[in-house]
Amino acid sequence: MQTLRYILMRLAKAAVILFAIVILNFCLIHAAPGDPAAVMAGEAGASDELFLQQLREKFGLDQPFHVQLWKYVSGLLQLDMGYSYRQDAPVWDLIMDRLPATLLLTGAAFLLSILLGVVAGVMAAVRVGKWADTAITVAALLLYATPLFWVALMAILLFSVQLGWFPSYGMESIGSELTGLSYWLDVAHHLVLPATTLGLFFTAIYTRMTRASFLETAAEDFVKTARAKGLSEGKIARRHILRNAILPVVTLAGLQAGQIVGGAVLTETVFAWPGIGRLMFDALLQRDYNVLLGVFLISSAMVLLFNLITDLIYLLVDPRIELNT
């Protein structure tokens, strides 16, 4: 019952935060330079003032700011994110069509980064001061400092162009018409490069965090007591050190689970992955305000959801933590 009350309270707070984000995003988007009507008129090859005025009236851009804001907010309350006149489709349909691809990419990258980061961090901590610790630490620093777009381009040049191991773009083979297991194996083959590229940066962060937390926890008195009782080093590392050292990593992972969606924008653009990151990038170039606002809204909701899930995971990792509404 306490857990349910906590979840309901957090959802209520999240709704207030999400409403504030909606207002802020709308204000920032409309304060940005650029006229969507002028962009569309330029692409149509007609830039006279009459045609621009007709476009503004058609899309409601000629109305006062507060009127546009009220229409947008009232539409959201009816689960209507608006309409993309650039792509001639409802924003909700566009996002839902692209969201599964983004969740697949970010989910794979997130799990990969957590797994590799924790394993590498523990390996470095138990071999502190040795060559393995130095190698892992240096590798983590290099991955953290290397720009993501450079890693993506080098991965394409090496593993796609030179070696031919993985495809360099897309989510599936064009014209293959695969179904069932063959289709998912093809998607997994396309997923390797973008997911690994996106996950390497976060792997470096989790490696450093795990190593530092593991070493700090290993110096605690309860670990010395467990060692004095004659427990093996492996059991001490698993049951006593790692279980407590993983809490800061869980905290950081929960905060960055939403941020990884932002990192997917660049990855999806480089690898032509058909997700909402690519959709947002195209909408930005086209001044498609409704699509931008829709993607920002979904991304913000995902961040709030991941934060709630992180807090609930705390209960599984450490039952001593009490929920506080």
# chains A, B, ... in the order shown; residues from 1 in each chain; ligands from 1
call {"tool": "closest_atom_pairs", "arguments": {"of": "segment 157-229 of chain A", "to": "segment 270-292 of chain A", "cutoff": "7 Å", "atoms": "only C-alpha atoms", "output": "CSV"}}
result
residue,atom,partner,partner_atom,distance
A:Ser168,CA,A:Phe271,CA,6.2
A:Tyr169,CA,A:Phe271,CA,4.5
A:Gly170,CA,A:Trp273,CA,5.0
A:Met171,CA,A:Trp273,CA,5.8
A:Pro194,CA,A:Phe271,CA,6.6
call {"tool": "select_by_dssp", "arguments": {"residues": "segment 61-126 of chain A", "states": "alpha helix (DSSP H)", "output": "VMD selection string"}}
result
chain A and resid 65 to 77 91 to 126
call {"tool": "residues_around", "arguments": {"residues": "Phe65 of chain A", "least_positions_apart": "4", "cutoff": "9 Å", "atoms": "only C-alpha atoms", "output": "number ranges by chain"}}
result
A: 27, 30, 61, 69-70
call {"tool": "select_by_dssp", "arguments": {"residues": "segment 59-254 of chain A", "states": "strand (DSSP E or B)", "output": "ChimeraX atom specification"}}
result
/A:83-84,89-90
call {"tool": "closest_residue", "arguments": {"among": "A:Met123, A:Leu266, A:Ile205, A:Ala89", "to": "Val249 of chain A", "atoms": "only C-alpha atoms"}}
result
A:Ile205
call {"tool": "closest_atom_pairs", "arguments": {"of": "segment 199-273 of chain A", "to": "segment 98-116 of chain A", "cutoff": "7 Å", "atoms": "only C-alpha atoms", "output": "tab-separated table"}}
result
residue	atom	partner	partner_atom	distance
A:Gly199	CA	A:Ala109	CA	4.4
A:Leu200	CA	A:Ser113	CA	6.4
A:Phe202	CA	A:Ser113	CA	5.7
A:Thr203	CA	A:Ser113	CA	4.2
A:Tyr206	CA	A:Ile114	CA	6.6
A:Ile260	CA	A:Thr106	CA	6.5
A:Val261	CA	A:Thr106	CA	6.3
A:Ala264	CA	A:Thr106	CA	6.9
call {"tool": "closest_residue", "arguments": {"among": "A:Ala20, A:Leu247, A:Val73, A:Leu193", "to": "Val118 of chain A", "atoms": "only C-alpha atoms"}}
result
A:Leu247
call {"tool": "residues_around", "arguments": {"residues": "His240 of chain A", "least_positions_apart": "2", "cutoff": "12 Å", "atoms": "only C-alpha atoms", "output": "VMD selection string"}}
result
chain A and resid 214 217 to 227 231 to 238 242 to 246 317 to 318
call {"tool": "residues_around", "arguments": {"residues": "segment 302-304 of chain A", "least_positions_apart": "4", "cutoff": "10 Å", "atoms": "only C-alpha atoms", "output": "PyMOL selection string"}}
result
chain A and resi 10-11+13-15+17-18+254-261+296-298+308-310
call {"tool": "atom_distance", "arguments": {"atom1": "atom CA of Ser300 of chain A", "atom2": "atom CA of Ile21 of chain A"}}
result
7.7 Å
call {"tool": "atom_distance", "arguments": {"atom1": "atom CA of Pro64 of chain A", "atom2": "atom CA of Leu293 of chain A"}}
result
18.2 Å
call {"tool": "atom_distance", "arguments": {"atom1": "atom CA of Asp133 of chain A", "atom2": "atom CA of Gly117 of chain A"}}
result
13.3 Å
call {"tool": "closest_residue", "arguments": {"among": "A:Val22, A:Ile313, A:Ala120, A:Ile241", "to": "Leu76 of chain A", "atoms": "only C-alpha atoms"}}
result
A:Val22
